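Visitor: I am sharing final.cif, which consists of mmCIF, C-alpha atoms:
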```
data_protein
#
loop_
_atom_site.label_atom_id
_atom_site.label_comp_id
_atom_site.auth_asym_id
_atom_site.auth_seq_id
_atom_site.Cartn_x
_atom_site.Cartn_y
_atom_site.Cartn_z
CA MET A 1 80.12 -54.67 -15.75
CA GLY A 2 77.01 -53.77 -17.68
CA GLU A 3 77.78 -56.52 -20.16
CA THR A 4 78.06 -59.12 -17.39
CA ILE A 5 74.70 -58.08 -15.99
CA GLU A 6 73.18 -58.34 -19.47
CA LYS A 7 74.61 -61.84 -19.87
CA LEU A 8 73.38 -62.86 -16.43
CA LYS A 9 69.93 -61.52 -17.27
CA TRP A 10 69.92 -63.56 -20.45
CA LEU A 11 70.89 -66.73 -18.60
CA LEU A 12 67.96 -66.22 -16.27
CA THR A 13 65.46 -65.80 -19.11
CA ASP A 14 63.88 -68.68 -20.93
CA LYS A 15 65.80 -68.55 -24.18
CA TYR A 16 68.67 -70.85 -23.22
CA SER A 17 66.23 -73.61 -22.28
CA ASN A 18 64.74 -73.73 -25.77
CA LYS A 19 67.31 -76.22 -27.03
CA ARG A 20 66.35 -78.83 -24.46
CA VAL A 21 62.67 -78.73 -25.27
CA GLU A 22 63.32 -78.47 -29.00
CA GLU A 23 65.24 -81.75 -28.97
CA GLU A 24 62.35 -83.31 -27.15
CA ILE A 25 59.53 -82.25 -29.44
CA ARG A 26 61.06 -81.85 -32.88
CA ASP A 27 60.93 -85.53 -33.85
CA LYS A 28 57.41 -86.02 -32.57
CA GLU A 29 54.65 -86.32 -35.11
CA ASP A 30 52.80 -83.10 -35.89
CA LEU A 31 49.15 -84.10 -35.55
CA LEU A 32 47.69 -80.74 -36.53
CA SER A 33 47.27 -79.76 -40.18
CA SER A 34 49.70 -77.05 -41.23
CA GLY A 35 47.15 -75.35 -43.42
CA ILE A 36 44.62 -74.17 -40.87
CA SER A 37 43.50 -70.62 -41.37
CA THR A 38 44.49 -68.93 -38.11
CA CYS A 39 45.56 -65.30 -38.24
CA LEU A 40 49.22 -64.49 -38.71
CA GLY A 41 51.18 -64.95 -35.50
CA CYS A 42 48.41 -66.82 -33.66
CA GLY A 43 49.45 -67.91 -30.18
CA SER A 44 46.72 -70.51 -29.73
CA GLU A 45 47.93 -72.45 -32.75
CA ILE A 46 51.36 -72.91 -31.14
CA GLY A 47 49.64 -74.09 -27.97
CA LEU A 48 47.50 -76.71 -29.70
CA ARG A 49 50.33 -77.95 -31.91
CA ILE A 50 52.58 -78.55 -28.92
CA ALA A 51 49.80 -80.07 -26.82
CA LEU A 52 49.12 -82.65 -29.54
CA LYS A 53 52.83 -83.35 -29.99
CA VAL A 54 53.21 -84.08 -26.29
CA LEU A 55 50.01 -86.06 -25.76
CA GLY A 56 50.36 -88.12 -28.93
CA ARG A 57 47.95 -90.11 -31.06
CA ASN A 58 45.95 -91.64 -28.23
CA THR A 59 43.99 -88.45 -27.72
CA ILE A 60 40.40 -87.45 -28.27
CA LEU A 61 40.09 -83.73 -28.83
CA ALA A 62 37.11 -81.49 -28.19
CA ILE A 63 37.08 -78.07 -29.79
CA PRO A 64 34.09 -75.88 -28.89
CA PRO A 65 33.00 -72.94 -31.05
CA GLY A 66 35.69 -70.32 -30.93
CA CYS A 67 38.85 -69.43 -32.76
CA MET A 68 40.14 -73.00 -33.03
CA GLY A 69 36.76 -74.28 -34.21
CA GLY A 70 36.44 -71.53 -36.77
CA VAL A 71 39.83 -71.91 -38.37
CA GLY A 72 39.28 -75.51 -39.38
CA VAL A 73 40.73 -77.70 -36.63
CA VAL A 74 37.37 -79.43 -36.51
CA GLY A 75 37.08 -79.13 -40.29
CA TYR A 76 34.16 -78.57 -42.62
CA GLY A 77 32.03 -81.23 -44.29
CA THR A 78 33.99 -84.48 -44.34
CA THR A 79 37.32 -82.82 -43.64
CA THR A 80 39.23 -82.53 -40.39
CA GLY A 81 42.21 -80.48 -39.31
CA THR A 82 43.85 -83.03 -37.04
CA GLU A 83 45.08 -86.59 -37.21
CA VAL A 84 43.25 -87.45 -33.99
CA PRO A 85 39.50 -87.82 -33.45
CA VAL A 86 37.99 -84.40 -32.90
CA PHE A 87 34.57 -83.55 -31.49
CA PHE A 88 32.61 -80.35 -31.72
CA PRO A 89 30.72 -79.81 -28.45
CA LEU A 90 28.55 -76.78 -27.81
CA LEU A 91 29.97 -73.84 -25.89
CA ASP A 92 28.20 -74.83 -22.68
CA ASN A 93 28.73 -78.61 -22.51
CA ILE A 94 32.42 -79.17 -23.24
CA ALA A 95 33.36 -80.77 -19.93
CA SER A 96 30.10 -82.77 -19.64
CA MET A 97 30.51 -84.25 -23.11
CA LEU A 98 34.11 -85.22 -22.43
CA SER A 99 33.14 -86.77 -19.09
CA GLY A 100 30.83 -89.14 -20.95
CA ILE A 101 33.48 -89.97 -23.56
CA LYS A 102 36.08 -90.67 -20.87
CA ARG A 103 33.71 -92.90 -18.90
CA TYR A 104 32.93 -94.93 -22.03
CA TYR A 105 36.61 -95.56 -22.76
CA ARG A 106 37.30 -96.42 -19.14
CA ARG A 107 34.55 -99.02 -19.39
CA LEU A 108 36.12 -100.43 -22.56
CA GLY A 109 39.40 -100.64 -20.66
CA ARG A 110 41.31 -98.38 -23.02
CA LYS A 111 43.64 -95.65 -21.90
CA VAL A 112 43.04 -92.47 -23.87
CA HIS A 113 43.71 -88.83 -23.15
CA VAL A 114 40.58 -86.77 -23.38
CA LEU A 115 41.53 -83.21 -24.15
CA ALA A 116 39.46 -80.05 -24.36
CA TYR A 117 41.02 -77.03 -26.04
CA ALA A 118 38.61 -74.22 -25.31
CA GLY A 119 38.82 -70.48 -25.42
CA ASP A 120 38.32 -68.23 -22.45
CA GLY A 121 34.67 -67.61 -23.37
CA GLY A 122 33.94 -71.33 -23.42
CA THR A 123 35.78 -71.78 -20.13
CA ALA A 124 35.24 -68.78 -17.91
CA ASP A 125 31.86 -67.57 -19.15
CA VAL A 126 29.59 -69.93 -21.06
CA GLY A 127 31.09 -73.32 -20.22
CA PHE A 128 31.88 -72.59 -16.61
CA GLN A 129 29.05 -74.43 -14.87
CA CYS A 130 29.77 -77.75 -16.58
CA LEU A 131 33.52 -77.34 -16.05
CA SER A 132 32.99 -76.63 -12.38
CA GLY A 133 30.69 -79.64 -12.15
CA ALA A 134 33.19 -81.92 -13.88
CA ALA A 135 35.94 -80.68 -11.54
CA GLU A 136 33.79 -81.45 -8.52
CA ARG A 137 32.91 -84.94 -9.84
CA ASP A 138 36.63 -85.68 -10.40
CA GLU A 139 36.18 -86.51 -14.06
CA ASN A 140 39.50 -87.50 -15.57
CA ILE A 141 39.86 -85.03 -18.43
CA ILE A 142 42.57 -82.59 -19.49
CA TYR A 143 41.17 -79.12 -20.00
CA ILE A 144 43.30 -76.46 -21.67
CA CYS A 145 41.93 -72.94 -21.81
CA TYR A 146 43.70 -70.72 -24.32
CA ASP A 147 43.18 -67.29 -22.86
CA ASN A 148 43.17 -64.60 -25.54
CA GLU A 149 41.09 -62.34 -23.31
CA GLY A 150 37.99 -61.96 -25.40
CA TYR A 151 35.66 -63.47 -28.00
CA MET A 152 38.18 -63.01 -30.78
CA ASN A 153 36.51 -65.30 -33.31
CA THR A 154 33.26 -63.33 -33.45
CA GLY A 155 34.85 -59.88 -33.54
CA ILE A 156 36.78 -59.03 -30.36
CA GLN A 157 33.97 -58.75 -27.82
CA ARG A 158 34.67 -58.52 -24.10
CA SER A 159 34.71 -61.71 -22.03
CA GLY A 160 35.05 -62.57 -18.36
CA THR A 161 38.83 -62.66 -18.62
CA THR A 162 39.29 -59.36 -20.49
CA PRO A 163 41.49 -57.29 -18.17
CA TYR A 164 40.63 -53.98 -16.56
CA LYS A 165 40.66 -50.96 -18.94
CA ALA A 166 41.30 -53.08 -22.04
CA TRP A 167 39.79 -51.96 -25.32
CA THR A 168 37.40 -54.34 -27.13
CA THR A 169 34.62 -53.64 -29.64
CA THR A 170 31.99 -53.84 -26.89
CA THR A 171 34.03 -51.82 -24.38
CA PRO A 172 35.08 -48.93 -26.61
CA VAL A 173 37.30 -46.03 -25.65
CA GLY A 174 35.74 -42.60 -25.79
CA GLU A 175 34.63 -39.73 -23.62
CA ALA A 176 32.13 -41.74 -21.60
CA ARG A 177 34.03 -45.03 -21.24
CA ARG A 178 37.65 -45.99 -21.23
CA GLY A 179 37.80 -49.69 -21.96
CA LYS A 180 36.41 -52.43 -19.73
CA PRO A 181 35.28 -50.98 -16.39
CA GLN A 182 35.40 -54.30 -14.50
CA VAL A 183 38.31 -56.41 -13.29
CA ASN A 184 38.81 -59.82 -14.93
CA LYS A 185 38.08 -63.18 -13.32
CA ASN A 186 41.05 -64.94 -11.80
CA MET A 187 40.12 -68.11 -13.63
CA PRO A 188 43.13 -70.37 -12.87
CA LEU A 189 42.84 -69.62 -9.16
CA ILE A 190 39.11 -70.39 -9.24
CA MET A 191 39.97 -73.80 -10.73
CA ALA A 192 42.76 -74.39 -8.19
CA MET A 193 40.27 -73.73 -5.41
CA HIS A 194 38.22 -76.70 -6.65
CA GLU A 195 41.16 -78.69 -5.22
CA ILE A 196 41.45 -80.77 -8.37
CA PRO A 197 44.60 -82.92 -8.82
CA TYR A 198 46.36 -80.51 -11.16
CA THR A 199 45.93 -76.85 -12.07
CA ALA A 200 48.55 -74.77 -13.85
CA THR A 201 49.05 -71.54 -15.70
CA ALA A 202 51.25 -71.63 -18.79
CA SER A 203 52.46 -69.18 -21.38
CA ILE A 204 53.36 -69.79 -25.01
CA ALA A 205 56.62 -67.91 -24.46
CA TYR A 206 57.78 -70.56 -21.96
CA ILE A 207 57.44 -73.74 -23.98
CA GLU A 208 59.61 -75.88 -21.69
CA ASP A 209 57.43 -74.98 -18.73
CA TYR A 210 54.29 -75.65 -20.80
CA VAL A 211 55.54 -79.06 -21.97
CA SER A 212 56.40 -80.18 -18.44
CA LYS A 213 52.96 -79.08 -17.25
CA LEU A 214 51.29 -80.98 -20.11
CA LYS A 215 53.17 -84.12 -19.10
CA LYS A 216 52.07 -83.73 -15.50
CA ALA A 217 48.49 -83.18 -16.64
CA ALA A 218 48.66 -86.34 -18.78
CA GLU A 219 49.75 -88.40 -15.77
CA VAL A 220 46.77 -87.39 -13.65
CA GLU A 221 44.38 -90.31 -13.24
CA ASP A 222 42.11 -89.37 -10.37
CA GLY A 223 40.53 -86.15 -11.51
CA LEU A 224 40.54 -83.12 -13.73
CA ALA A 225 43.71 -81.41 -14.93
CA TYR A 226 43.34 -77.78 -15.91
CA ILE A 227 45.90 -75.65 -17.76
CA HIS A 228 45.31 -71.95 -18.32
CA LEU A 229 47.38 -70.98 -21.36
CA PHE A 230 48.16 -67.31 -21.91
CA SER A 231 47.93 -66.80 -25.65
CA PRO A 232 48.26 -63.28 -27.08
CA CYS A 233 46.16 -62.44 -30.13
CA PRO A 234 47.77 -59.97 -32.59
CA THR A 235 44.46 -59.24 -34.32
CA GLY A 236 42.41 -58.55 -31.22
CA TRP A 237 45.07 -57.01 -29.03
CA ARG A 238 46.37 -54.71 -31.75
CA PHE A 239 50.06 -55.46 -31.98
CA SER A 240 52.37 -56.50 -34.78
CA THR A 241 52.20 -60.20 -35.72
CA ASP A 242 55.85 -60.92 -34.93
CA LYS A 243 55.50 -59.72 -31.32
CA THR A 244 53.30 -62.58 -30.05
CA ILE A 245 56.03 -64.33 -28.07
CA GLU A 246 57.51 -61.07 -26.85
CA VAL A 247 54.16 -59.91 -25.46
CA ALA A 248 53.57 -63.28 -23.79
CA ARG A 249 57.01 -63.11 -22.21
CA LEU A 250 56.49 -59.55 -20.99
CA ALA A 251 53.23 -60.57 -19.31
CA VAL A 252 55.13 -63.14 -17.25
CA GLU A 253 58.12 -60.89 -16.56
CA THR A 254 55.89 -58.10 -15.22
CA ASN A 255 53.90 -60.53 -13.00
CA PHE A 256 50.79 -59.68 -14.99
CA PHE A 257 50.39 -63.42 -15.59
CA PRO A 258 52.55 -65.37 -13.11
CA LEU A 259 53.37 -69.01 -13.86
CA TRP A 260 52.45 -71.49 -11.15
CA GLU A 261 51.00 -74.96 -10.65
CA ALA A 262 48.80 -76.41 -7.95
CA ARG A 263 48.33 -79.97 -6.78
CA TYR A 264 45.08 -80.43 -4.85
CA GLY A 265 45.00 -76.69 -4.19
CA GLU A 266 48.61 -76.39 -3.02
CA ILE A 267 50.19 -73.65 -5.08
CA ARG A 268 53.83 -73.60 -6.16
CA PHE A 269 55.53 -71.07 -8.46
CA THR A 270 57.27 -72.64 -11.45
CA LYS A 271 58.95 -69.56 -12.87
CA LYS A 272 60.85 -67.26 -10.58
CA ILE A 273 61.16 -63.75 -12.04
CA TRP A 274 64.52 -62.38 -10.91
CA PHE A 275 64.24 -58.98 -12.58
CA LYS A 276 60.63 -57.93 -12.29
CA LYS A 277 59.65 -55.31 -14.85
CA PRO A 278 57.02 -52.59 -14.30
CA VAL A 279 53.67 -53.51 -15.82
CA LYS A 280 53.92 -50.36 -17.96
CA GLU A 281 56.32 -52.17 -20.30
CA TYR A 282 53.73 -54.83 -21.02
CA LEU A 283 50.89 -52.32 -21.41
CA LYS A 284 52.93 -50.21 -23.84
CA ALA A 285 53.61 -53.24 -26.04
CA VAL A 286 49.92 -54.03 -26.55
CA GLY A 287 47.74 -51.76 -28.67
CA LYS A 288 44.52 -52.36 -26.76
CA TYR A 289 46.01 -50.46 -23.82
CA SER A 290 47.33 -47.57 -25.91
CA HIS A 291 44.73 -45.13 -24.50
CA LEU A 292 45.91 -45.51 -20.88
CA THR A 293 47.09 -42.48 -18.94
CA ASP A 294 49.80 -42.68 -16.27
CA GLU A 295 47.21 -42.74 -13.46
CA GLU A 296 45.40 -45.66 -15.08
CA ILE A 297 48.69 -47.51 -15.50
CA ASN A 298 49.43 -47.01 -11.80
CA GLU A 299 45.96 -48.33 -11.00
CA ILE A 300 46.64 -51.48 -13.06
CA GLN A 301 50.08 -51.85 -11.43
CA LYS A 302 48.36 -51.83 -8.04
CA LEU A 303 45.84 -54.46 -9.16
CA VAL A 304 48.63 -56.68 -10.51
CA ASP A 305 50.66 -56.30 -7.30
CA ASP A 306 47.63 -57.09 -5.15
CA ARG A 307 46.88 -60.24 -7.12
CA TYR A 308 50.47 -61.38 -6.98
CA ARG A 309 50.64 -60.77 -3.24
CA MET A 310 47.46 -62.76 -2.72
CA LEU A 311 48.84 -65.63 -4.81
CA LYS A 312 52.12 -65.53 -2.91
CA SER A 313 50.33 -65.77 0.41
CA LEU A 314 48.63 -68.95 -0.83
CA ALA A 315 51.81 -70.49 -2.24
CA ARG A 316 54.30 -72.45 -0.24
CA MET B 1 36.96 -107.70 -32.07
CA LYS B 2 40.05 -105.54 -32.09
CA ILE B 3 39.41 -101.86 -32.68
CA GLU B 4 42.30 -100.18 -34.44
CA TRP B 5 41.44 -96.57 -33.78
CA ILE B 6 39.85 -94.98 -30.76
CA ALA B 7 37.14 -93.10 -32.63
CA PRO B 8 36.41 -92.31 -36.28
CA ILE B 9 38.68 -89.71 -37.84
CA GLY B 10 37.54 -87.41 -40.66
CA LYS B 11 38.13 -88.66 -44.18
CA ASP B 12 40.13 -85.79 -45.68
CA ARG B 13 42.51 -83.27 -44.20
CA TYR B 14 41.42 -79.64 -44.03
CA ILE B 15 44.33 -77.90 -45.71
CA ILE B 16 44.49 -74.36 -47.01
CA LYS B 17 47.56 -73.17 -48.85
CA THR B 18 48.28 -70.48 -46.27
CA GLY B 19 51.59 -69.69 -47.95
CA GLU B 20 49.63 -67.65 -50.47
CA TRP B 21 48.74 -65.12 -47.76
CA ARG B 22 52.33 -64.14 -47.27
CA TYR B 23 53.53 -60.62 -48.03
CA GLN B 24 56.96 -61.03 -46.44
CA LYS B 25 59.02 -64.17 -46.12
CA PRO B 26 61.76 -65.28 -43.75
CA GLU B 27 65.21 -65.72 -45.21
CA ARG B 28 67.81 -67.63 -43.30
CA ASN B 29 71.53 -67.04 -43.10
CA GLN B 30 72.87 -70.54 -42.44
CA GLU B 31 76.31 -69.26 -41.40
CA LYS B 32 74.88 -67.17 -38.57
CA CYS B 33 72.48 -69.91 -37.40
CA LYS B 34 73.38 -71.27 -33.95
CA LYS B 35 70.96 -74.22 -34.31
CA CYS B 36 69.21 -73.41 -31.05
CA GLY B 37 65.79 -74.46 -32.34
CA THR B 38 63.96 -71.34 -31.17
CA CYS B 39 62.36 -70.85 -34.60
CA LEU B 40 61.16 -74.46 -34.65
CA ILE B 41 59.34 -74.39 -31.33
CA TYR B 42 57.73 -70.98 -31.81
CA CYS B 43 56.57 -71.39 -35.43
CA PRO B 44 52.74 -71.32 -35.29
CA THR B 45 52.31 -73.23 -38.54
CA GLY B 46 55.00 -75.83 -37.80
CA SER B 47 56.79 -74.90 -41.00
CA VAL B 48 60.38 -75.13 -39.75
CA TYR B 49 62.08 -78.48 -40.39
CA ILE B 50 65.57 -79.91 -40.26
CA GLU B 51 67.30 -81.24 -43.36
CA ASP B 52 71.00 -81.99 -43.78
CA ASP B 53 71.57 -80.68 -40.25
CA GLU B 54 70.20 -77.29 -41.28
CA TYR B 55 67.04 -75.53 -40.17
CA ARG B 56 64.83 -74.64 -43.11
CA THR B 57 61.40 -73.12 -43.68
CA ASP B 58 58.67 -74.79 -45.67
CA TYR B 59 57.20 -71.95 -47.74
CA GLU B 60 54.07 -73.88 -48.62
CA PHE B 61 52.36 -73.00 -45.33
CA CYS B 62 54.51 -70.20 -43.86
CA LYS B 63 52.23 -67.18 -43.40
CA GLY B 64 55.11 -64.77 -42.93
CA CYS B 65 54.15 -63.63 -39.44
CA GLY B 66 57.77 -62.87 -38.54
CA ILE B 67 57.88 -64.58 -35.12
CA CYS B 68 61.00 -66.57 -36.11
CA ALA B 69 62.84 -63.41 -37.21
CA SER B 70 61.97 -61.45 -34.09
CA GLU B 71 62.78 -64.33 -31.71
CA CYS B 72 66.06 -65.39 -33.36
CA ARG B 73 68.88 -64.46 -30.99
CA ALA B 74 71.60 -64.82 -33.59
CA ASP B 75 69.79 -62.54 -36.09
CA ALA B 76 70.08 -65.29 -38.66
CA ILE B 77 66.57 -64.76 -40.01
CA ILE B 78 65.44 -61.59 -41.76
CA MET B 79 62.07 -60.84 -43.32
CA VAL B 80 62.16 -59.82 -46.97
CA GLU B 81 59.32 -58.70 -49.18
CA GLU B 82 57.61 -61.49 -51.05
CA VAL B 83 57.79 -61.06 -54.81
CA ARG B 84 55.26 -62.99 -56.86
CA GLU B 85 55.10 -63.44 -60.59
#
```
For the file at hand, write its structure as structure tokens.
Guide:
Amino acid sequence: MGETIEKLKWLLTDKYSNKRVEEEIRDKEDLLSSGISTCLGCGSEIGLRIALKVLGRNTILAIPPGCMGGVGVVGYGTTTGTEVPVFFPLLDNIASMLSGIKRYYRRLGRKVHVLAYAGDGGTADVGFQCLSGAAERDENIIYICYDNEGYMNTGIQRSGTTPYKAWTTTTPVGEARRGKPQVNKNMPLIMAMHEIPYTATASIAYIEDYVSKLKKAAEVEDGLAYIHLFSPCPTGWRFSTDKTIEVARLAVETNFFPLWEARYGEIRFTKKIWFKKPVKEYLKAVGKYSHLTDEEINEIQKLVDDRYRMLKSLAR
Amino acid sequence: MKIEWIAPIGKDRYIIKTGEWRYQKPERNQEKCKKCGTCLIYCPTGSVYIEDDEYRTDYEFCKGCGICASECRADAIIMVEEVRE
């Protein structure tokens, strides 16, 4: 009996769907240099590699300062880390710069994908006003935010998407403070409420889901497509490098980071969690939450439940 | 005038031999391998490739993070200590 339940549980997880997506992407050209100097077990690197495989050569990439800029995707001197044209906008003008590029190519009559791959600092904090403006103007760009919940490139500082009670170097754990005292921004929902053609959350543990969302984002022609990619960071979150995918999967299975998509503000869940796990399992797997007491874990569980309930009330 | 590319691309590739960072390396048991492709899609460096209908790892860029070994359902990949001359 127990064995049957285990097998059923496995069938309802993502692992059996890997074969389908693997056949789809394995023969596609890898447009990102293998030798870029990301940390071991980097989640964002998987995200960018797959995004470029799906979108193909007709893509113009913008990488703002951040992890992906620092590791050499943009390159140094005359070098570049990708096989596609790559731009280096400032942190606060990513979406504006891409709007101009897209308008120029539309005028030339050429169909190109204009892709931004920005961190959560460049999206939710510094670059937010130009992103919000581009969303309102219906600029046709694809914007992927890889959310590693902090300014990891400059030394693990807190950002707008760092969760409640998480340790960072600027929100230390001690007698006076216990991690970040504020609750994080619900960035994907903020973007969905702009009522842009396509908004989605994705996780690197669910590649099939991510690939299908990338394809939908690539088809959008009348406005901005935004994908919020959950990308665990072994260095900044303090867990072992081989646990990246496991942590990303736990975040989805505990409803800490639910997967959904929205078309013009209409929300639909894309991943139904049949066996919801307590958020404690996720928090125990990540070192930046290792200081939490049981009361604090219950507090976070309540926050996660409240957010999920709010999202569910908006979904159809 | 026909423009071949959409925008100028950098002259040289930025490539670091990240394989030199490795302190443990994945070793594959081809008999146990179920060919599900999990290691290929989750490899951050894109180092897994298929040759002669077998999944293999390119050790030139593999950083030895261990994602493939921990995600492999069939336990066909184990991490062993890297020995250098």
Visitor: Please return, as a list in words, all residues of chain A lying within 7 Å of chain B when only C-alpha atoms are considered.
Guide: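 Interface list for chain A against chain B: Asn18, Lys19, Glu22, Ser33, Ser34, Gly35, Ile36, Ser37, Leu40, Gly41, Cys42, Gly43, Glu45, Ile46, Gly72, Gly75, Thr78, Thr79, Thr80, Gly81, Val84, Pro85, Thr241, Asp242 and Lys243 of chain A.
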Visitor: Just to confirm, what's the straight-line distance from atom CA of A:Thr162 to atom CA of A:Val279 in Å (one decimal)?
Guide: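 Between atom CA of A:Thr162 and atom CA of A:Val279 the gap works out to 16.2 Å.
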Visitor: Excluding B:Lys25 and residues on its chain fewer than 4 positions from it, collect all residues at most 7 Å away from it, counting all atoms listed in the file, and give them as an MDAnalysis selection string.
Guide: chainID B and resid 64 79:82
Visitor: Enumerate, as a PDB file with C-alpha atoms, in the frame of the given file, the residues matched when the PyMOL selection byres ((chain A and resi 114) around 9) is run on the file above.
Guide:
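Saved file out12.pdb follows:
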```
ATOM      1  CA  ASN A  58      45.950 -91.640 -28.230  1.00  0.00           C
ATOM      2  CA  THR A  59      43.990 -88.450 -27.720  1.00  0.00           C
ATOM      3  CA  ILE A  60      40.400 -87.450 -28.270  1.00  0.00           C
ATOM      4  CA  LEU A  61      40.090 -83.730 -28.830  1.00  0.00           C
ATOM      5  CA  ALA A  62      37.110 -81.490 -28.190  1.00  0.00           C
ATOM      6  CA  LEU A  98      34.110 -85.220 -22.430  1.00  0.00           C
ATOM      7  CA  SER A  99      33.140 -86.770 -19.090  1.00  0.00           C
ATOM      8  CA  ILE A 101      33.480 -89.970 -23.560  1.00  0.00           C
ATOM      9  CA  LYS A 102      36.080 -90.670 -20.870  1.00  0.00           C
ATOM     10  CA  VAL A 112      43.040 -92.470 -23.870  1.00  0.00           C
ATOM     11  CA  HIS A 113      43.710 -88.830 -23.150  1.00  0.00           C
ATOM     12  CA  LEU A 115      41.530 -83.210 -24.150  1.00  0.00           C
ATOM     13  CA  ALA A 116      39.460 -80.050 -24.360  1.00  0.00           C
ATOM     14  CA  ASN A 140      39.500 -87.500 -15.570  1.00  0.00           C
ATOM     15  CA  ILE A 141      39.860 -85.030 -18.430  1.00  0.00           C
ATOM     16  CA  ILE A 142      42.570 -82.590 -19.490  1.00  0.00           C
ATOM     17  CA  TYR A 143      41.170 -79.120 -20.000  1.00  0.00           C
TER      18      TYR A 143
END
```
Visitor: If you apply the PyMOL selection byres ((chain A and resi 199-201) around 6) to this file, what residues do you get, as an mmCIF file with C-alpha atoms, in the frame of the given file?
Guide:
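This is the output file out.cif:
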```
data_model
loop_
_atom_site.group_PDB
_atom_site.id
_atom_site.type_symbol
_atom_site.label_atom_id
_atom_site.label_comp_id
_atom_site.auth_asym_id
_atom_site.auth_seq_id
_atom_site.Cartn_x
_atom_site.Cartn_y
_atom_site.Cartn_z
ATOM 1 C CA ALA A 192 42.760 -74.390 -8.190
ATOM 2 C CA TYR A 198 46.360 -80.510 -11.160
ATOM 3 C CA ALA A 202 51.250 -71.630 -18.790
ATOM 4 C CA ALA A 225 43.710 -81.410 -14.930
ATOM 5 C CA TYR A 226 43.340 -77.780 -15.910
ATOM 6 C CA ILE A 227 45.900 -75.650 -17.760
ATOM 7 C CA HIS A 228 45.310 -71.950 -18.320
ATOM 8 C CA LEU A 229 47.380 -70.980 -21.360
ATOM 9 C CA LEU A 259 53.370 -69.010 -13.860
ATOM 10 C CA TRP A 260 52.450 -71.490 -11.150
ATOM 11 C CA GLU A 261 51.000 -74.960 -10.650
ATOM 12 C CA ALA A 262 48.800 -76.410 -7.950
#
```
Visitor: I'd like the interatomic distance between atom CA of A:Leu52 and atom CA of A:Thr82, to a tenth of an Å.
Guide: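 The value is 9.2 Å.
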Visitor: Can you tell me, as JSON, numbers by chain, what residues are no more than 9 Å from stretch 205-209 of chain A when counting all atoms listed in the file, ignoring any on the same chain fewer than 3 positions away?
Guide: {"A": [14, 15, 17, 18, 20, 21, 22, 47, 50, 202, 212, 213, 214, 230, 231, 244, 245, 246, 247, 248, 249, 252, 259, 270, 271], "B": [41, 42]}
Visitor: So the first atom is atom CA of A:Leu314 and the second is atom CA of A:Ile267; what is the distance between them in Å, to one decimal place?
Guide: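 Between atom CA of A:Leu314 and atom CA of A:Ile267 the gap is 6.5 Å.
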Visitor: Of the candidates A:Gly265, A:Gly133, A:Gly66, A:Pro181, which one gets nearest to A:Asp147 if we count only C-alpha atoms?
Guide: A:Gly66
Visitor: Expanded to explicit residues, what is the PyMOL selection byres ((chain A and resi 280) around 12) for this file, as an mmCIF file with C-alpha atoms, in the coordinates of the input?
Guide:
```cif
data_model
loop_
_atom_site.group_PDB
_atom_site.id
_atom_site.type_symbol
_atom_site.label_atom_id
_atom_site.label_comp_id
_atom_site.auth_asym_id
_atom_site.auth_seq_id
_atom_site.Cartn_x
_atom_site.Cartn_y
_atom_site.Cartn_z
ATOM 1 C CA LEU A 250 56.490 -59.550 -20.990
ATOM 2 C CA ALA A 251 53.230 -60.570 -19.310
ATOM 3 C CA GLU A 253 58.120 -60.890 -16.560
ATOM 4 C CA THR A 254 55.890 -58.100 -15.220
ATOM 5 C CA ASN A 255 53.900 -60.530 -13.000
ATOM 6 C CA PHE A 256 50.790 -59.680 -14.990
ATOM 7 C CA LYS A 276 60.630 -57.930 -12.290
ATOM 8 C CA LYS A 277 59.650 -55.310 -14.850
ATOM 9 C CA PRO A 278 57.020 -52.590 -14.300
ATOM 10 C CA VAL A 279 53.670 -53.510 -15.820
ATOM 11 C CA GLU A 281 56.320 -52.170 -20.300
ATOM 12 C CA TYR A 282 53.730 -54.830 -21.020
ATOM 13 C CA LEU A 283 50.890 -52.320 -21.410
ATOM 14 C CA LYS A 284 52.930 -50.210 -23.840
ATOM 15 C CA ALA A 285 53.610 -53.240 -26.040
ATOM 16 C CA VAL A 286 49.920 -54.030 -26.550
ATOM 17 C CA TYR A 289 46.010 -50.460 -23.820
ATOM 18 C CA SER A 290 47.330 -47.570 -25.910
ATOM 19 C CA LEU A 292 45.910 -45.510 -20.880
ATOM 20 C CA THR A 293 47.090 -42.480 -18.940
ATOM 21 C CA ASP A 294 49.800 -42.680 -16.270
ATOM 22 C CA GLU A 295 47.210 -42.740 -13.460
ATOM 23 C CA GLU A 296 45.400 -45.660 -15.080
ATOM 24 C CA ILE A 297 48.690 -47.510 -15.500
ATOM 25 C CA ASN A 298 49.430 -47.010 -11.800
ATOM 26 C CA GLU A 299 45.960 -48.330 -11.000
ATOM 27 C CA ILE A 300 46.640 -51.480 -13.060
ATOM 28 C CA GLN A 301 50.080 -51.850 -11.430
ATOM 29 C CA LYS A 302 48.360 -51.830 -8.040
ATOM 30 C CA VAL A 304 48.630 -56.680 -10.510
#
```
Visitor: Tell me which protein, DNA and RNA residues are within 9 Å of A:Gly56, counting only C-alpha atoms, leaving out same-chain ones fewer than 5 positions away, and put them as an MDAnalysis selection string.
Guide: chainID A and resid 28:31 51 84 113
Visitor: Determine the axis-aligned bounding box of all atoms of stretch 231-246 of chain A present in the file, pad each side by 4 Å, and express its centre and edge lengths in Å to one decimal place as JSON.
Guide:
```
{"center_x": 50.0, "center_y": -60.8, "center_z": -30.7, "size_x": 23.1, "size_y": 20.1, "size_z": 18.1}
```
